[in-house]
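Have a look at the structure below before the remarks.
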Amino acid sequence: MAHIESCEKKTATVTINGKQVTVPTGTTILDAATELGIKIPTLCWLKKISTTGACRICVVEVEGVERPMTACNTPVKDGINVTTSTPALEQIRRNTLELMLVNHPLDCPVCDAAGECDLQDNCYGLQVDKNKFGAELERLPIRYDWKLLESDPNRCILCEKCVKVCREIVGREAIEIVDRGDRTIIDTISGEPLDCDFCGNCINACPTGTLISKPFKFRGRPWAFDVTPGVCAFCSSGCQIEYHAKNGRIDRVTSSDETYNRGNLCANGRFGYAAFNSPGRVTSPMMREGSSDQRKVTWEQALGSVAARLKELGGGAVAGIGSPRVTNEENYLFQKLFRGALGSNNIDSEARLGYLPSQILQWELLGYSGGTFDMNAIEKASAVVVIGADLKGESAGFAYRVIQAVTKNDARLVLANSRGTSLNKYANAFLQCRPGSEAWLVAGLNKAILAEGLEGKSANVQGFDSLKSSLEGLSFEKISGACGVSEAQLREAAGLICNGGSTAVLYGFDVIRSADMKNAVTASVNLALLTGATGADGAGIYPLDEKNNTQGMLDMGICPEYLPGYHTYEHAAAKFGAAWKCTIPATPGKDLFQIIEAIESGQIKALYVMGSDPLHILPDRNRTLKALQKLELLVVQDIFLTDTARLAHIILPAATGAEKAGSFTSADNRVQCFSAAVKPAGESRTDAEILMKLHALIAPVVALTPMTFDELHHEITSLTGLYSETCDHDGCRMGRVKNRTEKAQFAPLKPVALPQLSRPFTLKIGSLLHHNGSMTTWSENNMLVAGEAYLELSLEDAAALGVAAGDMLKVTSDSASITLKARPSANQQRGDLFVPSHYRDPQVNLLSGQKSSPLAVTVAKA
């Protein structure tokens, strides 16, 4: 009987407007009404944050209760009878709105929120057309001094949605409730918000025109714009967005709370669109001959010259660099052009710097690359481990999920990193390791789990004994000596991670680009297996990459090792050749670094670069520059005049993510299709259009005739076996086959001894939350909040050097010297430095003569 009573208490049956509904205990009246399709007006309520009950618009009558109750924060009780609309309730709501309007400026004609203002909509819906209340108006100063945001406290109704979104979703405390009584406003303690991501999520939450986007101010009325659903073309989170366009120009990006990402974006997603309108865009084909300057030419001239020269050189003398920025379809067409029309497998991308080799390792151990589940699974985790990653800097959507797991699901959070990040405030354990020692640190976590007997069912997974044996040869003393994290810390973290629930493991930049990447990635995958993260009851493993379609690019075969779908040449070259009516070379081509070597030796004479800037991304900039200058033909297909494009013999202007249709595959393996919001700028063309035209010019006998997306998707799905023609969301034409985990196996660990550094400081180059790749450095919005590179160093090192923020420092490696402004930070440990990777100046990759991080450098006052 006791068991039956406890089960009954888990639900409640209520009656609302004469309709019955059974809901879980704790459900609010508002949510119960929503289940019945009954709309109750609100202003301060927002589904994704905690309730406030501040506006009182949602009042309802509960039978037997004398006073009206707020529906948004009143939980249901079994058997209650609720009425949501009566003349008395409507009058209460009108009175509430009239009181709000006493001090609210009637400036709708010039307010950016007019037409999409919740206050305006509620006044209209409740027919508030006059006001019986009055007061002496007192105008508060408008905050014009904030970057990207403008705040007019006179329009504020104190709903607190902006404050709660900032804290509960973004994990910041940039704005707060200031003062008391009728002087209460939403503001900062002083000046510019010091703890602000400039994500604009507070703007999205604001029900009035209190918080507005400065770049969008006075651009036009909301109804004057064409609104097109899209997928963010910046980081790998794959957020769903809306492009607002007028006169062929993107003027705003928003996101609905009904999207996968619940309307939450980062600074890049909301404000990075300004890059699409940059004066640095290349909008017409250009060509140069010999030492002459690049000049504008027609498309016929440009494509004809490219086709003739590539066809003339052909085969092993040509190479291509694909792009994580372009769509799946365009990357597929790019590799098809090279393999099918030019007979070359010399195809690679910047993923060679870490993500590709890391995913080959993960594939070998788990049977799939990318994330195990979609990232929402992280929110349900009881423990989260983040290894070698600044989540907001690398892929902010994952950071938002981790924050939800911690704050809403009480998950234990373990951060394993050499630098502090914005998530440190949530961490139950911060394992701050020495830069480059990530393999040792994660091996230590593996060992600690076994030492504590927390491995559970994972002992039955293939290779467990091999892993256990390899760890027996690594003492905690040796591990701690290498990474700087004690045995006690590792054991404590093991207990937090293996807490009897579901675990999520995320690994990022410092793992996949570490000098000992093989052991760092293997240890991370082993950790996921030991904790059950990759099992049906786990919360998944998630490798992170900074850019939007790196996972999809690799799926489409932009690498020399594999055909699309990760098929080997031995097993699938004949199949692809038959489908493409050509003969595909049967051996792997050259990778990115081998391509540079082959250019230097004269073996490769032509390089086709699509949506990438090798001169910016590759280590040893001077070597790359000399190689590119040696080419007989350098073709660059891009949207900007990049450093590499300035060297090109022929430039083909391409379209942005807002100017094309296609699909992206996010880091968690979600495939999302989208349509073009505007036409390509100037004479630009989509990458797909350029590639299909070139294919037809180079191989007219087996010409790649223009294909519809459905035809192209059918070809991709039928040949790769990795993608299917079914999807799990509306509007898509293609999905990815679900991950299979029966291949999972452990691998032994043997971390490589850390090298003795020749200089006193270690330098890491990585990502910031205000930029994504170098693309956002073309956005005036992003540059307004993060406009230049800097050198981040510990407070102790700054004091020892006698420097303050803004002082100039000279950084010297074995390869070169550059000068940067100092930025002392508590995130850095003594002897460690950080420089953001995004900026074209001061050419940070001059310092790096190697593929991996960190670098040994010296620092002195400039």
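Starting from 1 in every chain, residues are counted up; chains themselves are A, B, ... following the order of the structure tokens, and ligands are numbered from 1 as listed.
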From a backbone DSSP assignment, name each residue in segment 115-295 of chain A labelled alpha helix (DSSP H), as a list in words.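 Matching residues, listed in order: Asp118, Leu119, Gln120, Asp121, Asn122, Cys123, Tyr124, Gly125, Lys161, Cys162, Val163, Lys164, Asn201, Cys202, Ile203, Asn204, Ala205, Ala267, Asn268, Gly269, Arg270 and Phe271 of chain A.
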Go ahead and write the residues just picked, N, CA, C and O atoms, as a short mmCIF file (atom, residue, chain, number, x, y, z; two decimals), in the first residue's frame.
```
data_model
loop_
_atom_site.label_atom_id
_atom_site.label_comp_id
_atom_site.auth_asym_id
_atom_site.auth_seq_id
_atom_site.Cartn_x
_atom_site.Cartn_y
_atom_site.Cartn_z
N ASP A 118 6.71 41.97 -26.38
CA ASP A 118 5.73 41.23 -25.59
C ASP A 118 4.80 42.16 -24.83
O ASP A 118 3.61 41.87 -24.66
N LEU A 119 5.32 43.28 -24.35
CA LEU A 119 4.49 44.25 -23.65
C LEU A 119 3.44 44.82 -24.60
O LEU A 119 2.26 44.94 -24.26
N GLN A 120 3.87 45.16 -25.79
CA GLN A 120 2.97 45.68 -26.81
C GLN A 120 1.88 44.65 -27.14
O GLN A 120 0.68 44.99 -27.21
N ASP A 121 2.29 43.39 -27.30
CA ASP A 121 1.33 42.33 -27.64
C ASP A 121 0.32 42.11 -26.53
O ASP A 121 -0.88 41.91 -26.79
N ASN A 122 0.77 42.15 -25.28
CA ASN A 122 -0.15 41.95 -24.16
C ASN A 122 -1.12 43.12 -24.02
O ASN A 122 -2.31 42.92 -23.72
N CYS A 123 -0.65 44.32 -24.24
CA CYS A 123 -1.54 45.49 -24.20
C CYS A 123 -2.60 45.39 -25.29
O CYS A 123 -3.78 45.68 -25.04
N TYR A 124 -2.19 44.96 -26.45
CA TYR A 124 -3.14 44.80 -27.55
C TYR A 124 -4.14 43.69 -27.24
O TYR A 124 -5.35 43.84 -27.42
N GLY A 125 -3.63 42.55 -26.74
CA GLY A 125 -4.49 41.41 -26.46
C GLY A 125 -5.49 41.68 -25.36
O GLY A 125 -6.61 41.17 -25.39
N LYS A 161 14.27 38.54 -16.69
CA LYS A 161 14.64 37.46 -17.61
C LYS A 161 16.08 37.61 -18.09
O LYS A 161 16.81 36.62 -18.22
N CYS A 162 16.51 38.83 -18.35
CA CYS A 162 17.87 39.04 -18.83
C CYS A 162 18.90 38.61 -17.78
O CYS A 162 19.91 37.97 -18.10
N VAL A 163 18.63 38.95 -16.52
CA VAL A 163 19.56 38.60 -15.44
C VAL A 163 19.65 37.09 -15.30
O VAL A 163 20.74 36.52 -15.14
N LYS A 164 18.50 36.41 -15.36
CA LYS A 164 18.49 34.97 -15.17
C LYS A 164 19.09 34.22 -16.35
O LYS A 164 19.77 33.21 -16.17
N ASN A 201 22.22 37.04 -25.56
CA ASN A 201 21.07 36.24 -25.15
C ASN A 201 20.12 37.03 -24.26
O ASN A 201 18.92 36.74 -24.21
N CYS A 202 20.63 38.06 -23.58
CA CYS A 202 19.75 38.93 -22.80
C CYS A 202 18.85 39.74 -23.71
O CYS A 202 17.68 40.00 -23.39
N ILE A 203 19.35 40.15 -24.87
CA ILE A 203 18.54 40.87 -25.85
C ILE A 203 17.40 39.98 -26.32
O ILE A 203 16.24 40.40 -26.42
N ASN A 204 17.73 38.73 -26.59
CA ASN A 204 16.74 37.77 -27.07
C ASN A 204 15.64 37.55 -26.03
O ASN A 204 14.49 37.32 -26.38
N ALA A 205 16.01 37.61 -24.74
CA ALA A 205 15.04 37.34 -23.67
C ALA A 205 14.20 38.56 -23.31
O ALA A 205 13.11 38.42 -22.75
N ALA A 267 28.54 34.97 -29.00
CA ALA A 267 28.83 36.24 -29.68
C ALA A 267 29.01 36.04 -31.17
O ALA A 267 28.57 36.88 -31.98
N ASN A 268 29.62 34.93 -31.56
CA ASN A 268 29.84 34.68 -32.99
C ASN A 268 28.53 34.42 -33.71
O ASN A 268 28.28 34.95 -34.79
N GLY A 269 27.68 33.58 -33.12
CA GLY A 269 26.42 33.25 -33.75
C GLY A 269 25.50 34.44 -33.89
O GLY A 269 24.82 34.60 -34.91
N ARG A 270 25.47 35.32 -32.88
CA ARG A 270 24.53 36.44 -32.92
C ARG A 270 25.09 37.66 -33.64
O ARG A 270 24.34 38.39 -34.30
N PHE A 271 26.39 37.90 -33.52
CA PHE A 271 26.94 39.13 -34.07
C PHE A 271 27.97 38.92 -35.19
O PHE A 271 28.36 39.87 -35.85
#
```
Based on the backbone DSSP call, show me all residues of segment 666-748 of chain A assigned strand (DSSP E or B), as a PDB file with C-alpha atoms, in the first residue's frame.
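Result saved to states-v7.pdb:
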```pdb
ATOM      1  CA  VAL A 671      23.064  16.759 -39.884  1.00  0.00           C
ATOM      2  CA  GLN A 672      21.094  19.933 -40.559  1.00  0.00           C
ATOM      3  CA  CYS A 673      19.987  21.303 -43.908  1.00  0.00           C
ATOM      4  CA  PHE A 674      19.309  24.944 -44.619  1.00  0.00           C
ATOM      5  CA  ARG A 685      28.998  32.043 -56.594  1.00  0.00           C
ATOM      6  CA  TYR A 723      24.533   9.029 -44.207  1.00  0.00           C
ATOM      7  CA  SER A 724      20.917   8.070 -44.777  1.00  0.00           C
ATOM      8  CA  GLY A 735      20.729  12.283 -41.832  1.00  0.00           C
ATOM      9  CA  ARG A 736      23.675  10.414 -40.358  1.00  0.00           C
ATOM     10  CA  GLN A 745      37.764  -1.596 -27.082  1.00  0.00           C
TER      11      GLN A 745
END
```
Neighbour list for Ile142 of chain A as a ChimeraX atom specification, cut-off 9 Å, only C-alpha atoms, skip fewer than 5 positions in-chain: /A:150-154
Keeping only C-alpha atoms, take the residues you just selected and write them out as a tab-separated table (two decimals), in the first residue's frame.
```
chain	number	residue	atom	x	y	z
A	150	GLU	CA	22.25	49.37	-25.52
A	151	SER	CA	20.15	49.57	-22.34
A	152	ASP	CA	17.22	51.95	-21.83
A	153	PRO	CA	16.05	51.44	-18.22
A	154	ASN	CA	12.98	53.61	-18.87
```
Long-range neighbours of Asp293 of chain A as a PyMOL selection string, 10 Å cut-off, only C-alpha atoms, 4 positions minimum in chain: chain A and resi 286-289+646-647+649
Pull C-alpha atoms from the residues just selected and write them as a tab-separated table (two decimals), in the first residue's frame.
```tsv
chain	number	residue	atom	x	y	z
A	286	MET	CA	40.62	37.86	-60.06
A	287	MET	CA	43.75	36.71	-61.86
A	288	ARG	CA	47.38	37.62	-62.11
A	289	GLU	CA	50.11	36.59	-64.48
A	646	ARG	CA	46.89	37.55	-51.96
A	647	LEU	CA	49.43	35.06	-53.33
A	649	HIS	CA	47.24	33.24	-59.43
```
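Of the residues under consideration (A:Asp129, A:Glu472, A:Asp390, A:Glu350), A:Glu472 shows the shortest atom-to-atom contact distance to Leu749 of chain A when counting only C-alpha atoms.
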If we count only C-alpha atoms and set the cut-off at 12 Å, which residues sit around Ala12 of chain A, ignoring sequence neighbours fewer than 3 positions away in its own chain? Please answer as a ChimeraX atom specification. /A:7-9,15,20-29,32,75-81
Selected residues, N, CA and C atoms, written as a CSV table (one decimal), in the first residue's frame, please.
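Saved file out38.csv follows:
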```csv
chain,number,residue,atom,x,y,z
A,7,CYS,N,3.6,6.1,-5.5
A,7,CYS,CA,3.5,6.2,-7.0
A,7,CYS,C,2.4,7.2,-7.3
A,8,GLU,N,1.3,7.2,-6.5
A,8,GLU,CA,0.2,8.2,-6.8
A,8,GLU,C,0.7,9.6,-6.6
A,9,LYS,N,1.6,9.8,-5.6
A,9,LYS,CA,2.1,11.2,-5.4
A,9,LYS,C,2.9,11.7,-6.5
A,15,THR,N,-8.1,20.2,-13.1
A,15,THR,CA,-9.0,20.7,-14.0
A,15,THR,C,-8.8,22.1,-14.3
A,20,GLN,N,-9.6,18.3,-18.0
A,20,GLN,CA,-8.7,17.6,-17.0
A,20,GLN,C,-7.4,17.2,-17.7
A,21,VAL,N,-6.4,17.2,-16.9
A,21,VAL,CA,-5.1,16.8,-17.4
A,21,VAL,C,-4.3,16.2,-16.2
A,22,THR,N,-3.5,15.2,-16.4
A,22,THR,CA,-2.7,14.6,-15.4
A,22,THR,C,-1.2,14.9,-15.7
A,23,VAL,N,-0.5,15.5,-14.7
A,23,VAL,CA,0.8,15.9,-14.9
A,23,VAL,C,1.7,15.5,-13.8
A,24,PRO,N,3.0,15.5,-13.9
A,24,PRO,CA,3.9,15.2,-12.8
A,24,PRO,C,3.7,16.1,-11.7
A,25,THR,N,3.8,15.6,-10.4
A,25,THR,CA,3.8,16.5,-9.3
A,25,THR,C,4.9,17.6,-9.4
A,26,GLY,N,4.6,18.8,-9.0
A,26,GLY,CA,5.6,19.9,-9.2
A,26,GLY,C,5.4,20.7,-10.4
A,27,THR,N,4.6,20.2,-11.4
A,27,THR,CA,4.3,21.0,-12.6
A,27,THR,C,3.5,22.2,-12.2
A,28,THR,N,3.9,23.3,-12.8
A,28,THR,CA,3.1,24.6,-12.5
A,28,THR,C,1.8,24.6,-13.3
A,29,ILE,N,0.9,25.5,-12.8
A,29,ILE,CA,-0.4,25.6,-13.4
A,29,ILE,C,-0.2,26.1,-14.9
A,32,ALA,N,0.8,23.1,-17.0
A,32,ALA,CA,-0.3,22.2,-17.1
A,32,ALA,C,-1.3,22.7,-18.1
A,75,PRO,N,2.7,25.5,-8.1
A,75,PRO,CA,2.6,24.1,-8.5
A,75,PRO,C,1.1,23.6,-8.4
A,76,VAL,N,0.8,22.6,-9.2
A,76,VAL,CA,-0.5,22.1,-9.2
A,76,VAL,C,-0.7,21.1,-7.9
A,77,LYS,N,-1.9,20.9,-7.5
A,77,LYS,CA,-2.2,19.9,-6.5
A,77,LYS,C,-3.3,19.1,-7.0
A,78,ASP,N,-3.3,17.8,-6.7
A,78,ASP,CA,-4.3,16.9,-7.2
A,78,ASP,C,-5.7,17.4,-6.8
A,79,GLY,N,-6.5,17.4,-7.9
A,79,GLY,CA,-7.9,17.7,-7.7
A,79,GLY,C,-8.3,19.2,-7.8
A,80,ILE,N,-7.4,20.1,-7.9
A,80,ILE,CA,-7.7,21.5,-7.9
A,80,ILE,C,-8.4,21.9,-9.2
A,81,ASN,N,-9.2,22.9,-9.1
A,81,ASN,CA,-10.0,23.4,-10.3
A,81,ASN,C,-9.6,24.8,-10.6
```
